[in-house]
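Structure data follow from run.txt (compact mmCIF, C-alpha atoms):
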```txt
# COMPACT_ATOMS: atom_id res chain seq x y z
CA MET A 498 -50.22 -213.05 -82.72
CA ARG A 499 -47.47 -213.87 -85.19
CA PHE A 500 -45.05 -211.98 -87.37
CA ILE A 501 -44.86 -213.34 -90.91
CA ASN A 502 -41.43 -214.44 -92.09
CA GLU A 503 -41.39 -213.90 -95.84
CA THR A 504 -39.25 -215.40 -98.54
CA THR A 505 -39.30 -212.03 -100.30
CA SER A 506 -35.87 -210.97 -101.54
CA ASP A 507 -34.67 -207.41 -101.11
CA GLU A 508 -34.94 -206.97 -104.90
CA GLU A 509 -38.61 -208.02 -104.88
CA TYR A 510 -39.23 -205.78 -101.86
CA ASP A 511 -37.77 -202.80 -103.70
CA ARG A 512 -39.68 -203.67 -106.87
CA GLN A 513 -43.01 -203.70 -104.98
CA ARG A 514 -42.13 -200.50 -103.15
CA ALA A 515 -41.61 -198.75 -106.50
CA TYR A 516 -45.24 -199.20 -107.58
CA PHE A 517 -47.13 -199.50 -104.28
CA GLY A 518 -45.61 -196.23 -102.98
CA PRO A 519 -46.95 -194.00 -105.80
CA PHE A 520 -50.26 -195.92 -105.86
CA THR A 521 -50.84 -195.30 -102.16
CA ASP A 522 -49.89 -191.64 -102.62
CA ALA A 523 -52.64 -191.40 -105.26
CA VAL A 524 -55.23 -192.88 -102.86
CA ARG A 525 -53.99 -190.51 -100.11
CA ASP A 526 -54.47 -187.58 -102.48
CA LEU A 527 -58.00 -188.82 -103.32
CA LEU A 528 -58.74 -188.95 -99.60
CA ASP A 529 -57.82 -185.27 -99.23
CA ALA A 530 -59.94 -184.37 -102.28
CA THR A 531 -62.88 -186.36 -100.86
CA ILE A 532 -62.97 -183.98 -97.90
CA ARG A 533 -62.35 -180.76 -99.82
CA THR A 534 -64.30 -181.15 -103.06
CA GLU A 535 -67.27 -178.93 -103.91
CA VAL A 536 -68.32 -180.58 -107.17
CA ASP A 537 -72.00 -181.33 -107.68
CA GLU A 538 -73.96 -184.43 -106.73
CA GLN A 539 -73.86 -186.03 -110.19
CA THR A 540 -70.06 -185.72 -110.37
CA ILE A 541 -69.78 -187.30 -106.92
CA ARG A 542 -72.02 -190.20 -107.95
CA THR A 543 -69.99 -190.80 -111.13
CA ALA A 544 -66.74 -190.68 -109.14
CA GLN A 545 -68.21 -193.18 -106.66
CA ALA A 546 -69.05 -195.67 -109.44
CA THR A 547 -65.51 -195.39 -110.85
CA ILE A 548 -63.94 -195.92 -107.43
CA GLU A 549 -66.15 -198.93 -106.72
CA ALA A 550 -65.00 -200.50 -110.00
CA VAL A 551 -61.32 -199.92 -109.10
CA THR A 552 -61.89 -201.44 -105.66
CA ALA A 553 -63.54 -204.53 -107.20
CA THR A 554 -60.49 -205.00 -109.45
CA LEU A 555 -58.12 -204.70 -106.48
CA ARG A 556 -60.21 -207.15 -104.45
CA SER A 557 -60.15 -209.77 -107.25
CA ARG A 558 -56.97 -211.00 -105.59
CA GLN A 559 -56.36 -210.01 -101.98
CA ILE A 560 -55.13 -211.36 -98.66
CA ASP A 561 -57.57 -212.49 -95.98
CA GLY A 562 -57.73 -210.02 -93.12
CA ALA A 563 -55.12 -207.39 -92.34
CA TYR A 564 -51.59 -206.97 -93.72
CA GLY A 565 -49.71 -208.03 -90.62
CA VAL A 566 -46.06 -207.34 -89.93
CA ARG A 567 -43.75 -209.14 -92.34
CA VAL A 568 -40.03 -209.67 -92.11
CA THR A 569 -37.99 -210.29 -95.27
CA GLU A 570 -35.24 -212.90 -95.57
CA ALA A 571 -32.68 -210.16 -95.02
CA GLY A 572 -34.47 -209.17 -91.80
CA ARG A 573 -36.08 -206.01 -93.12
CA SER A 574 -39.41 -205.33 -91.47
CA ARG A 575 -42.42 -204.51 -93.62
CA SER A 576 -45.20 -202.78 -91.69
CA TRP A 577 -46.78 -201.64 -94.94
CA GLY A 578 -50.30 -201.70 -93.46
CA ASN A 579 -49.39 -199.52 -90.48
CA PRO A 580 -51.55 -196.37 -90.06
CA VAL A 581 -48.56 -194.16 -89.15
CA VAL A 582 -45.65 -195.42 -91.26
CA GLY A 583 -47.19 -197.94 -93.68
CA LEU A 584 -46.14 -197.60 -97.32
CA ARG A 585 -49.47 -199.12 -98.39
CA ASN A 586 -51.76 -197.39 -95.89
CA PRO A 587 -53.28 -194.12 -97.22
CA ILE A 588 -54.17 -193.14 -93.62
CA ALA A 589 -50.45 -192.87 -92.81
CA PRO A 590 -49.08 -189.32 -93.40
CA PRO A 591 -46.68 -191.35 -93.72
CA LEU A 592 -43.97 -190.75 -91.14
CA ILE A 593 -40.44 -191.55 -92.28
CA ILE A 594 -38.57 -192.05 -89.04
CA THR A 595 -34.80 -191.72 -88.93
CA ARG A 596 -32.36 -192.09 -86.03
CA ASP A 597 -29.82 -189.43 -85.27
CA ALA A 598 -26.36 -189.94 -83.76
CA ASP A 599 -27.81 -190.07 -80.22
CA ASP A 600 -30.33 -192.78 -81.27
CA ARG A 601 -33.20 -190.30 -81.08
CA CYS A 602 -36.05 -191.00 -83.47
CA VAL A 603 -36.92 -188.02 -85.64
CA ALA A 604 -39.58 -187.46 -88.31
CA GLU A 605 -40.53 -184.44 -90.40
CA PHE A 606 -44.04 -184.73 -91.82
CA GLU A 607 -47.04 -182.75 -92.92
CA LEU A 608 -50.64 -183.07 -91.75
CA GLY A 609 -53.42 -181.73 -93.97
CA ALA A 610 -57.22 -181.68 -94.11
CA ALA A 611 -57.62 -185.38 -93.26
CA TYR A 612 -56.13 -184.87 -89.78
CA GLU A 613 -58.13 -181.83 -88.67
CA GLY A 614 -59.86 -181.59 -85.29
CA PRO A 615 -60.41 -177.95 -84.21
CA PRO A 616 -60.65 -175.63 -87.26
CA GLY A 617 -57.24 -175.42 -88.99
CA HIS A 618 -55.58 -177.53 -86.31
CA VAL A 619 -54.52 -181.13 -85.80
CA HIS A 620 -56.98 -183.44 -83.99
CA GLY A 621 -55.55 -184.05 -80.51
CA GLY A 622 -55.96 -187.78 -81.00
CA MET A 623 -53.93 -187.70 -84.24
CA SER A 624 -51.06 -186.19 -82.27
CA ALA A 625 -51.48 -189.03 -79.77
CA LEU A 626 -51.39 -191.57 -82.62
CA VAL A 627 -48.17 -190.13 -84.03
CA LEU A 628 -46.57 -189.87 -80.58
CA ASP A 629 -47.56 -193.41 -79.57
CA HIS A 630 -45.88 -194.67 -82.72
CA ILE A 631 -42.65 -192.71 -82.57
CA LEU A 632 -42.21 -193.32 -78.83
CA GLY A 633 -42.76 -197.04 -79.47
CA GLU A 634 -40.18 -196.93 -82.26
CA ALA A 635 -37.68 -195.21 -79.95
CA ALA A 636 -38.43 -197.76 -77.21
CA SER A 637 -37.86 -200.70 -79.56
CA GLY A 638 -34.32 -199.49 -80.24
CA GLY A 639 -34.47 -200.26 -83.96
CA MET A 640 -35.49 -203.88 -83.41
CA THR A 641 -37.94 -205.49 -85.80
CA LYS A 642 -40.01 -206.75 -82.86
CA PRO A 643 -41.99 -203.79 -81.57
CA ASN A 644 -42.91 -203.24 -77.96
CA PHE A 645 -46.48 -202.86 -76.83
CA THR A 646 -47.66 -199.65 -75.30
CA GLY A 647 -48.24 -200.09 -71.57
CA THR A 648 -49.30 -196.52 -70.88
CA ILE A 649 -48.99 -193.25 -72.78
CA SER A 650 -49.70 -189.73 -71.57
CA CYS A 651 -49.89 -186.66 -73.78
CA ARG A 652 -49.82 -183.08 -72.56
CA TYR A 653 -51.15 -180.48 -74.99
CA VAL A 654 -49.10 -177.31 -74.62
CA ARG A 655 -51.03 -175.42 -77.30
CA ALA A 656 -53.06 -176.22 -80.43
CA THR A 657 -51.01 -177.84 -83.23
CA PRO A 658 -51.55 -176.09 -86.58
CA LEU A 659 -52.08 -178.17 -89.73
CA GLY A 660 -48.99 -178.03 -91.95
CA PRO A 661 -45.35 -179.05 -91.60
CA LEU A 662 -44.48 -180.64 -88.25
CA ARG A 663 -41.67 -182.48 -86.54
CA ALA A 664 -41.76 -185.33 -84.03
CA GLU A 665 -38.94 -186.59 -81.85
CA ALA A 666 -38.66 -189.42 -79.33
CA TYR A 667 -35.98 -191.03 -77.20
CA ILE A 668 -35.51 -193.59 -74.43
CA ASP A 669 -35.55 -192.00 -71.01
CA ARG A 670 -34.67 -195.19 -69.07
CA VAL A 671 -35.07 -198.99 -69.12
CA ASP A 672 -36.25 -201.10 -66.20
CA GLY A 673 -36.42 -204.83 -67.04
CA VAL A 674 -39.07 -205.42 -69.71
CA LYS A 675 -40.28 -201.82 -69.31
CA THR A 676 -38.85 -199.06 -71.45
CA PHE A 677 -39.69 -195.44 -70.60
CA ALA A 678 -39.74 -193.15 -73.63
CA ARG A 679 -40.36 -189.44 -74.09
CA GLY A 680 -41.02 -187.23 -77.07
CA PHE A 681 -42.91 -184.34 -78.59
CA ILE A 682 -44.53 -182.86 -81.68
CA ALA A 683 -43.38 -179.38 -82.68
CA ASP A 684 -44.18 -176.73 -85.27
CA ALA A 685 -41.72 -174.01 -86.35
CA GLU A 686 -42.20 -172.25 -83.00
CA GLY A 687 -41.51 -175.24 -80.75
CA PRO A 688 -43.28 -178.14 -79.04
CA THR A 689 -47.08 -178.26 -79.11
CA VAL A 690 -47.63 -181.70 -77.55
CA GLU A 691 -45.35 -183.59 -75.15
CA ALA A 692 -45.63 -187.29 -74.39
CA GLU A 693 -44.25 -189.98 -72.14
CA GLY A 694 -44.90 -193.67 -72.48
CA VAL A 695 -44.06 -197.01 -70.94
CA PHE A 696 -43.48 -199.78 -73.47
CA ILE A 697 -43.36 -203.46 -72.66
CA THR A 698 -41.66 -206.29 -74.54
CA PRO A 699 -44.02 -209.26 -74.23
CA ALA A 700 -42.55 -212.71 -73.61
CA TRP A 701 -43.79 -214.08 -76.94
CA ALA A 702 -41.94 -211.43 -78.92
CA ARG A 703 -38.68 -212.90 -77.74
CA GLU A 704 -39.76 -216.38 -78.79
CA VAL A 705 -40.36 -215.64 -82.49
CA SER A 706 -37.88 -217.65 -84.58
CA MET B 1003 -59.39 -170.31 -85.12
CA ARG B 1004 -63.01 -169.87 -86.13
CA PHE B 1005 -66.07 -172.03 -86.52
CA ILE B 1006 -67.95 -171.41 -89.76
CA ASN B 1007 -71.58 -170.37 -89.40
CA GLU B 1008 -73.32 -171.67 -92.48
CA THR B 1009 -76.53 -170.63 -94.14
CA THR B 1010 -77.12 -174.29 -95.00
CA SER B 1011 -80.69 -175.40 -94.27
CA ASP B 1012 -81.37 -178.74 -92.61
CA GLU B 1013 -82.84 -179.97 -95.91
CA GLU B 1014 -79.65 -179.11 -97.81
CA TYR B 1015 -77.57 -180.70 -95.03
CA ASP B 1016 -79.57 -183.94 -95.34
CA ARG B 1017 -79.39 -183.84 -99.14
CA GLN B 1018 -75.56 -183.57 -99.06
CA ARG B 1019 -75.34 -186.28 -96.42
CA ALA B 1020 -77.26 -188.64 -98.73
CA TYR B 1021 -74.57 -188.59 -101.43
CA PHE B 1022 -71.39 -187.74 -99.52
CA GLY B 1023 -71.95 -190.60 -97.04
CA PRO B 1024 -71.97 -193.42 -99.65
CA PHE B 1025 -69.16 -191.72 -101.61
CA THR B 1026 -66.91 -191.60 -98.56
CA ASP B 1027 -67.79 -195.23 -97.78
CA ALA B 1028 -66.56 -196.12 -101.28
CA VAL B 1029 -63.22 -194.34 -100.70
CA ARG B 1030 -62.94 -196.03 -97.29
CA ASP B 1031 -63.45 -199.39 -98.96
CA LEU B 1032 -60.78 -198.53 -101.56
CA LEU B 1033 -58.43 -197.68 -98.72
CA ASP B 1034 -58.88 -201.17 -97.24
CA ALA B 1035 -58.37 -202.77 -100.67
CA THR B 1036 -55.20 -200.68 -101.20
CA ILE B 1037 -53.63 -202.42 -98.21
CA ARG B 1038 -54.91 -205.94 -98.94
CA THR B 1039 -54.71 -206.31 -102.72
CA GLU B 1040 -52.36 -208.80 -104.35
CA VAL B 1041 -53.03 -207.90 -107.99
CA ASP B 1042 -50.03 -207.45 -110.31
CA GLU B 1043 -48.02 -204.32 -111.03
CA GLN B 1044 -49.79 -203.48 -114.30
CA THR B 1045 -53.22 -203.61 -112.63
CA ILE B 1046 -51.96 -201.34 -109.84
CA ARG B 1047 -50.60 -198.83 -112.35
CA THR B 1048 -53.88 -198.80 -114.27
CA ALA B 1049 -55.85 -198.33 -111.02
CA GLN B 1050 -53.53 -195.47 -110.09
CA ALA B 1051 -54.18 -193.64 -113.35
CA THR B 1052 -57.95 -194.02 -112.88
CA ILE B 1053 -57.79 -192.73 -109.31
CA GLU B 1054 -55.66 -189.75 -110.33
CA ALA B 1055 -58.27 -188.83 -112.95
CA VAL B 1056 -61.08 -189.02 -110.35
CA THR B 1057 -59.06 -186.85 -107.96
CA ALA B 1058 -58.49 -184.23 -110.68
CA THR B 1059 -62.24 -184.08 -111.30
CA LEU B 1060 -62.95 -183.64 -107.57
CA ARG B 1061 -60.29 -180.94 -107.30
CA SER B 1062 -61.77 -178.95 -110.21
CA ARG B 1063 -63.89 -177.25 -107.52
CA GLN B 1064 -62.70 -177.46 -103.94
CA ILE B 1065 -62.33 -175.40 -100.78
CA ASP B 1066 -58.99 -173.88 -99.83
CA GLY B 1067 -57.39 -175.72 -96.93
CA ALA B 1068 -59.19 -178.01 -94.52
CA TYR B 1069 -62.93 -178.52 -93.99
CA GLY B 1070 -63.23 -176.77 -90.65
CA VAL B 1071 -66.11 -177.13 -88.24
CA ARG B 1072 -69.35 -175.74 -89.62
CA VAL B 1073 -72.56 -174.98 -87.80
CA THR B 1074 -75.87 -174.90 -89.71
CA GLU B 1075 -78.56 -172.26 -89.20
CA ALA B 1076 -80.45 -174.70 -86.99
CA GLY B 1077 -77.32 -175.12 -84.84
CA ARG B 1078 -76.35 -178.57 -86.10
CA SER B 1079 -72.59 -179.08 -86.08
CA ARG B 1080 -70.88 -180.48 -89.17
CA SER B 1081 -67.45 -181.88 -88.43
CA TRP B 1082 -67.49 -183.75 -91.72
CA GLY B 1083 -63.70 -183.56 -92.10
CA ASN B 1084 -63.02 -185.05 -88.66
CA PRO B 1085 -60.75 -188.16 -88.68
CA VAL B 1086 -62.86 -189.97 -86.04
CA VAL B 1087 -66.48 -189.03 -86.77
CA GLY B 1088 -66.34 -187.14 -90.10
CA LEU B 1089 -68.95 -188.14 -92.68
CA ARG B 1090 -66.57 -187.03 -95.45
CA ASN B 1091 -63.31 -188.34 -93.99
CA PRO B 1092 -62.41 -191.88 -95.19
CA ILE B 1093 -59.90 -192.16 -92.29
CA ALA B 1094 -62.81 -192.08 -89.81
CA PRO B 1095 -64.13 -195.59 -88.97
CA PRO B 1096 -66.49 -193.56 -88.54
CA LEU B 1097 -67.68 -193.49 -84.94
CA ILE B 1098 -71.36 -192.76 -84.44
CA ILE B 1099 -71.54 -191.50 -80.89
CA THR B 1100 -74.80 -191.61 -78.97
CA ARG B 1101 -75.64 -190.52 -75.42
CA ASP B 1102 -77.40 -192.86 -73.05
CA ALA B 1103 -79.80 -191.88 -70.25
CA ASP B 1104 -76.88 -191.11 -67.89
CA ASP B 1105 -75.29 -188.80 -70.51
CA ARG B 1106 -72.52 -191.33 -71.18
CA CYS B 1107 -71.13 -191.26 -74.71
CA VAL B 1108 -71.22 -194.67 -76.38
CA ALA B 1109 -70.07 -195.88 -79.81
CA GLU B 1110 -70.06 -199.31 -81.43
CA PHE B 1111 -67.63 -199.50 -84.34
CA GLU B 1112 -65.38 -201.82 -86.27
CA LEU B 1113 -61.67 -201.44 -87.00
CA GLY B 1114 -60.17 -203.36 -89.92
CA ALA B 1115 -56.87 -203.61 -91.81
CA ALA B 1116 -56.30 -199.85 -92.00
CA TYR B 1117 -55.99 -199.56 -88.21
CA GLU B 1118 -53.54 -202.40 -87.56
CA GLY B 1119 -50.44 -202.05 -85.40
CA PRO B 1120 -49.28 -205.41 -83.99
CA PRO B 1121 -50.37 -208.31 -86.26
CA GLY B 1122 -54.16 -208.71 -86.13
CA HIS B 1123 -54.50 -206.02 -83.48
CA VAL B 1124 -55.38 -202.34 -83.28
CA HIS B 1125 -52.50 -199.84 -83.33
CA GLY B 1126 -52.17 -198.47 -79.78
CA GLY B 1127 -52.21 -194.93 -81.14
CA MET B 1128 -55.49 -195.57 -82.99
CA SER B 1129 -57.06 -196.49 -79.65
CA ALA B 1130 -55.67 -193.23 -78.26
CA LEU B 1131 -57.20 -191.32 -81.20
CA VAL B 1132 -60.64 -192.86 -80.62
CA LEU B 1133 -60.43 -192.32 -76.86
CA ASP B 1134 -59.27 -188.71 -77.17
CA HIS B 1135 -62.28 -188.02 -79.36
CA ILE B 1136 -64.97 -189.73 -77.34
CA LEU B 1137 -63.67 -188.38 -74.02
CA GLY B 1138 -63.66 -184.89 -75.60
CA GLU B 1139 -67.22 -185.43 -76.77
CA ALA B 1140 -68.28 -186.52 -73.28
CA ALA B 1141 -66.48 -183.50 -71.78
CA SER B 1142 -68.23 -181.07 -74.13
CA GLY B 1143 -71.62 -182.23 -72.84
CA GLY B 1144 -73.24 -182.25 -76.26
CA MET B 1145 -72.28 -178.66 -77.02
CA THR B 1146 -71.28 -177.70 -80.54
CA LYS B 1147 -68.19 -175.93 -79.22
CA PRO B 1148 -65.66 -178.67 -78.46
CA ASN B 1149 -63.16 -178.52 -75.65
CA PHE B 1150 -59.45 -178.84 -76.22
CA THR B 1151 -57.52 -181.75 -74.81
CA GLY B 1152 -55.30 -180.59 -71.94
CA THR B 1153 -53.86 -184.00 -71.12
CA ILE B 1154 -54.84 -187.55 -71.93
CA SER B 1155 -53.49 -190.80 -70.50
CA CYS B 1156 -54.19 -194.26 -71.88
CA ARG B 1157 -53.50 -197.51 -70.05
CA TYR B 1158 -53.34 -200.60 -72.26
CA VAL B 1159 -54.82 -203.51 -70.32
CA ARG B 1160 -54.25 -206.01 -73.16
CA ALA B 1161 -53.94 -205.97 -76.95
CA THR B 1162 -57.13 -204.85 -78.75
CA PRO B 1163 -58.12 -207.26 -81.54
CA LEU B 1164 -59.21 -205.91 -84.94
CA GLY B 1165 -62.98 -206.34 -85.41
CA PRO B 1166 -66.09 -205.09 -83.59
CA LEU B 1167 -65.37 -202.80 -80.64
CA ARG B 1168 -67.17 -200.52 -78.23
CA ALA B 1169 -66.06 -197.22 -76.68
CA GLU B 1170 -67.62 -195.40 -73.75
CA ALA B 1171 -66.83 -192.11 -72.03
CA TYR B 1172 -68.29 -189.97 -69.27
CA ILE B 1173 -67.56 -186.88 -67.20
CA ASP B 1174 -65.85 -187.75 -63.94
CA ARG B 1175 -65.89 -184.19 -62.50
CA VAL B 1176 -65.74 -180.51 -63.50
CA ASP B 1177 -63.47 -177.91 -61.94
CA GLY B 1178 -63.90 -174.43 -63.51
CA VAL B 1179 -62.81 -174.54 -67.18
CA LYS B 1180 -61.37 -178.05 -66.65
CA THR B 1181 -63.51 -181.10 -67.28
CA PHE B 1182 -62.18 -184.51 -66.19
CA ALA B 1183 -63.42 -187.36 -68.37
CA ARG B 1184 -62.91 -191.12 -68.29
CA GLY B 1185 -63.58 -193.91 -70.72
CA PHE B 1186 -62.48 -197.17 -72.32
CA ILE B 1187 -62.41 -199.30 -75.44
CA ALA B 1188 -63.71 -202.85 -75.06
CA ASP B 1189 -64.05 -206.00 -77.13
CA ALA B 1190 -66.59 -208.76 -76.35
CA GLU B 1191 -64.53 -209.83 -73.35
CA GLY B 1192 -64.26 -206.41 -71.70
CA PRO B 1193 -62.05 -203.30 -71.63
CA THR B 1194 -58.72 -203.40 -73.47
CA VAL B 1195 -57.68 -199.74 -73.08
CA GLU B 1196 -58.69 -197.31 -70.33
CA ALA B 1197 -58.27 -193.54 -70.56
CA GLU B 1198 -58.60 -190.39 -68.54
CA GLY B 1199 -58.37 -186.88 -69.88
CA VAL B 1200 -58.55 -183.27 -68.85
CA PHE B 1201 -60.38 -181.03 -71.32
CA ILE B 1202 -60.31 -177.26 -71.32
CA THR B 1203 -62.85 -174.78 -72.73
CA PRO B 1204 -60.78 -171.93 -74.16
CA ALA B 1205 -62.02 -168.36 -73.68
CA TRP B 1206 -62.49 -167.76 -77.42
CA ALA B 1207 -64.90 -170.69 -77.73
CA ARG B 1208 -67.33 -168.86 -75.48
CA GLU B 1209 -67.04 -165.71 -77.61
CA VAL B 1210 -68.16 -167.21 -80.93
CA SER B 1211 -71.41 -165.57 -81.94
```

What is this structure when it is put down as C-alpha cells?
Amino acid sequence: MRFINETTSDEEYDRQRAYFGPFTDAVRDLLDATIRTEVDEQTIRTAQATIEAVTATLRSRQIDGAYGVRVTEAGRSRSWGNPVVGLRNPIAPPLIITRDADDRCVAEFELGAAYEGPPGHVHGGMSALVLDHILGEAASGGMTKPNFTGTISCRYVRATPLGPLRAEAYIDRVDGVKTFARGFIADAEGPTVEAEGVFITPAWAREVS
Amino acid sequence: MRFINETTSDEEYDRQRAYFGPFTDAVRDLLDATIRTEVDEQTIRTAQATIEAVTATLRSRQIDGAYGVRVTEAGRSRSWGNPVVGLRNPIAPPLIITRDADDRCVAEFELGAAYEGPPGHVHGGMSALVLDHILGEAASGGMTKPNFTGTISCRYVRATPLGPLRAEAYIDRVDGVKTFARGFIADAEGPTVEAEGVFITPAWAREVS
C-alpha cells in the first residue's frame, strides 16, 4: 500500500480541479436523475446508449485500477477518488471538511435521493460512512497520512431526514498509536447519530518518504 | 415516514427491471470511468455537456424527492433507490443478498475504484455501509418492513482490498423489539471487518396496512 508522490504543481492541480469538479457534479446530478426519472423505456434505452458512448471516450485513456491517494510536490493531498470527499467521485456528497479554532472537523452537506434508506431518510450505513470519514480526518490531525479505522461504533438517536445536515468530529484522547475520536451527524434540531472510533497509525505510514 | 403500496403488477415490475437494470449499470460504469479517466480537458468538457443533456431528458418527467420504499401488490419490496442494494442506484455495488438454509444472509460482490479509501483498499466507512445493510437485512428476517439501526459497531481486523468480497450476517438473539445481529466482510483469506448491531422495529412499522 503506497501513497503516490506526484510531480504535479499547484497550478496544474488547480487547473484540473477547475474542470473535473463541474464534470463530477454533472455525473452526480445524472445519478440522482437515474433514481428519480419516470421517462419511458425508449428514452431510457437511448440515454443508456449515449452514456455508454461517453464512458468509452473516457476510458480511451485511463489509469489502471483505482485512483489512489496522491500527494503534490507542495504536499497537498489529493484523495480525488474518495467516496466521501473525492472531487472526482460522484458517490461523494462531497463533504468539504474544515477545522475550527479548536481543531474540530466540521462539514455542512446535503444528502438526497441517492443516500436514502428508510423512506425520506438517510440510510443508516451512509451515516456510518460519513462518520467514519470525518472521525478519521479528526484523528489524523490534518496530516496527509490518514489513520486506519480500528473500531467504530454508531448510535442512532433518531432517523436522519434527507436534506441539509452537519457533521462534527474531534479527538477525545490519544494513547500511543491509538487515537480516540468522537463525533455526530445533526439536522436543524440536533444530533441524529453519534459515533466514537479508535484510529490507528500503522507503522508503514510513518515510513513513507 | 410511509412505505408506498403500489398497484404495480409483477409483470410490470419485471418489465421495468429489464431496462432500468442495464441503464443503471451503464451509469455505474460511467462513475468508475469518471474517477479513472486521463483524457484531456476539452474531452471532459464535451462529455459534461452530453451528460447534462441526458440528465435534462431524464428530469423531464421525474418523481418529487427520493424513491422511497415501494411494495407491489404481490408484496414484493422495491428498494430500487437504496445505496447498497438498489437496482436504480448507481452508488450500490449492488449487493444481491440471498439466504442460506440456516437463514444467514450472504452476498458476493465486488468493490472497485469508487469505493477506495486507503490506496488500493476499501474505505472503512464503505465496509460499515455494507455491514449496516446486511445486518439489518438479517435482523428483519426477510420481512418487507425493515428495522432501524439502533447501534452498530465495526472492528477492522485488517485492511480490506478492493476486488471480490463476501459479506455474511445472521441473527445472534432477539429481545423484544431489539434484534441483535452479527456479521463480517471477508476476502479470499478470511474476515477483514467484523460487525455487531442492534436493530429496532419501530411501532409505526407494524401499523402499515

Please compute the atom CA of B:Val1071-atom CA of B:Glu1139 distance, one decimal, in Å. 14.2 Å

Taking into account only C-alpha atoms, which residue in the set A:Glu691, A:Arg652, A:Thr646, A:Val524 is nearest to A:Val551?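 Among the listed residues, A:Val524 lies closest to A:Val551.
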
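Among the candidates A:His618, A:Lys675, A:Arg575, A:His630, the one nearest to A:Arg655 when counting all atoms listed in the file is A:His618.
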
Just to confirm, what's the straight-line distance from atom CA of B:Ala1049 to atom CA of A:Thr534 in Å (one decimal)?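 Separation of atom CA of B:Ala1049 and atom CA of A:Thr534: 20.7 Å.
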
Using only C-alpha atoms: which of B:Ala1183, B:Ile1154, B:Ala1169, B:Ala1116 has the shortest distance to A:Glu693: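 The closest residue to A:Glu693 is B:Ile1154.
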
Excluding A:Gly694 and residues on its chain fewer than 2 positions from it, collect all residues at most 12 Å away from it, counting only C-alpha atoms, and give them as a compact mmCIF listing (two decimals) with C-alpha atoms, in the coordinates of the input.
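And here is the file that came out, around_39.txt:
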```txt
# COMPACT_ATOMS: atom_id res chain seq x y z
CA ALA A 625 -51.48 -189.03 -79.77
CA LEU A 628 -46.57 -189.87 -80.58
CA ASP A 629 -47.56 -193.41 -79.57
CA HIS A 630 -45.88 -194.67 -82.72
CA ILE A 631 -42.65 -192.71 -82.57
CA LEU A 632 -42.21 -193.32 -78.83
CA GLY A 633 -42.76 -197.04 -79.47
CA GLU A 634 -40.18 -196.93 -82.26
CA ALA A 635 -37.68 -195.21 -79.95
CA ALA A 636 -38.43 -197.76 -77.21
CA ASN A 644 -42.91 -203.24 -77.96
CA PHE A 645 -46.48 -202.86 -76.83
CA THR A 646 -47.66 -199.65 -75.30
CA GLY A 647 -48.24 -200.09 -71.57
CA THR A 648 -49.30 -196.52 -70.88
CA ILE A 649 -48.99 -193.25 -72.78
CA SER A 650 -49.70 -189.73 -71.57
CA CYS A 651 -49.89 -186.66 -73.78
CA ARG A 652 -49.82 -183.08 -72.56
CA ALA A 666 -38.66 -189.42 -79.33
CA TYR A 667 -35.98 -191.03 -77.20
CA ILE A 668 -35.51 -193.59 -74.43
CA ASP A 669 -35.55 -192.00 -71.01
CA ARG A 670 -34.67 -195.19 -69.07
CA VAL A 671 -35.07 -198.99 -69.12
CA LYS A 675 -40.28 -201.82 -69.31
CA THR A 676 -38.85 -199.06 -71.45
CA PHE A 677 -39.69 -195.44 -70.60
CA ALA A 678 -39.74 -193.15 -73.63
CA ARG A 679 -40.36 -189.44 -74.09
CA GLY A 680 -41.02 -187.23 -77.07
CA PHE A 681 -42.91 -184.34 -78.59
CA GLU A 691 -45.35 -183.59 -75.15
CA ALA A 692 -45.63 -187.29 -74.39
CA PHE A 696 -43.48 -199.78 -73.47
CA ILE A 697 -43.36 -203.46 -72.66
CA GLY B 1126 -52.17 -198.47 -79.78
CA GLY B 1127 -52.21 -194.93 -81.14
CA ILE B 1154 -54.84 -187.55 -71.93
CA SER B 1155 -53.49 -190.80 -70.50
CA CYS B 1156 -54.19 -194.26 -71.88
CA ARG B 1157 -53.50 -197.51 -70.05
CA TYR B 1158 -53.34 -200.60 -72.26
```

Kindly indicate which residue among A:Glu570, A:Thr505, A:Asp561, A:Gly614 lies nearest to B:Val1087, using only C-alpha atoms for the distances.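 The shortest atom-to-atom distance to B:Val1087 comes from A:Gly614.
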
Pick out the closest residue to chain A from this set: B:Arg1168, B:Arg1101, B:Arg1106, B:Arg1047. Count only C-alpha atoms.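 Of the candidates, the smallest distance to chain A is held by B:Arg1047.
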
Residue nearest chain B - candidates A:Asp522, A:Glu613, A:Asp600, A:Glu508, atoms counted: only C-alpha atoms: A:Glu613

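The protein and nucleic acid residues lying at most 9 Å from B:Trp1082 are A:Ile532, B:Tyr1069, B:Gly1070, B:Val1071, B:Arg1072, B:Gly1088, B:Leu1089, B:Arg1090, B:Asn1091, with only C-alpha atoms considered and sequence neighbours fewer than 6 positions away removed.
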
What does the distance between atom CA of A:Ser506 and atom CA of A:Ala571 come to in Å, to one decimal place?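 Value for the atom CA of A:Ser506-atom CA of A:Ala571 distance: 7.3 Å.
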
Test item: residues at most 7 Å from A:Ala563, all atoms listed in the file, excluding those fewer than 5 positions along its chain, as a ChimeraX atom specification: /B:1038,1114-1115,1122
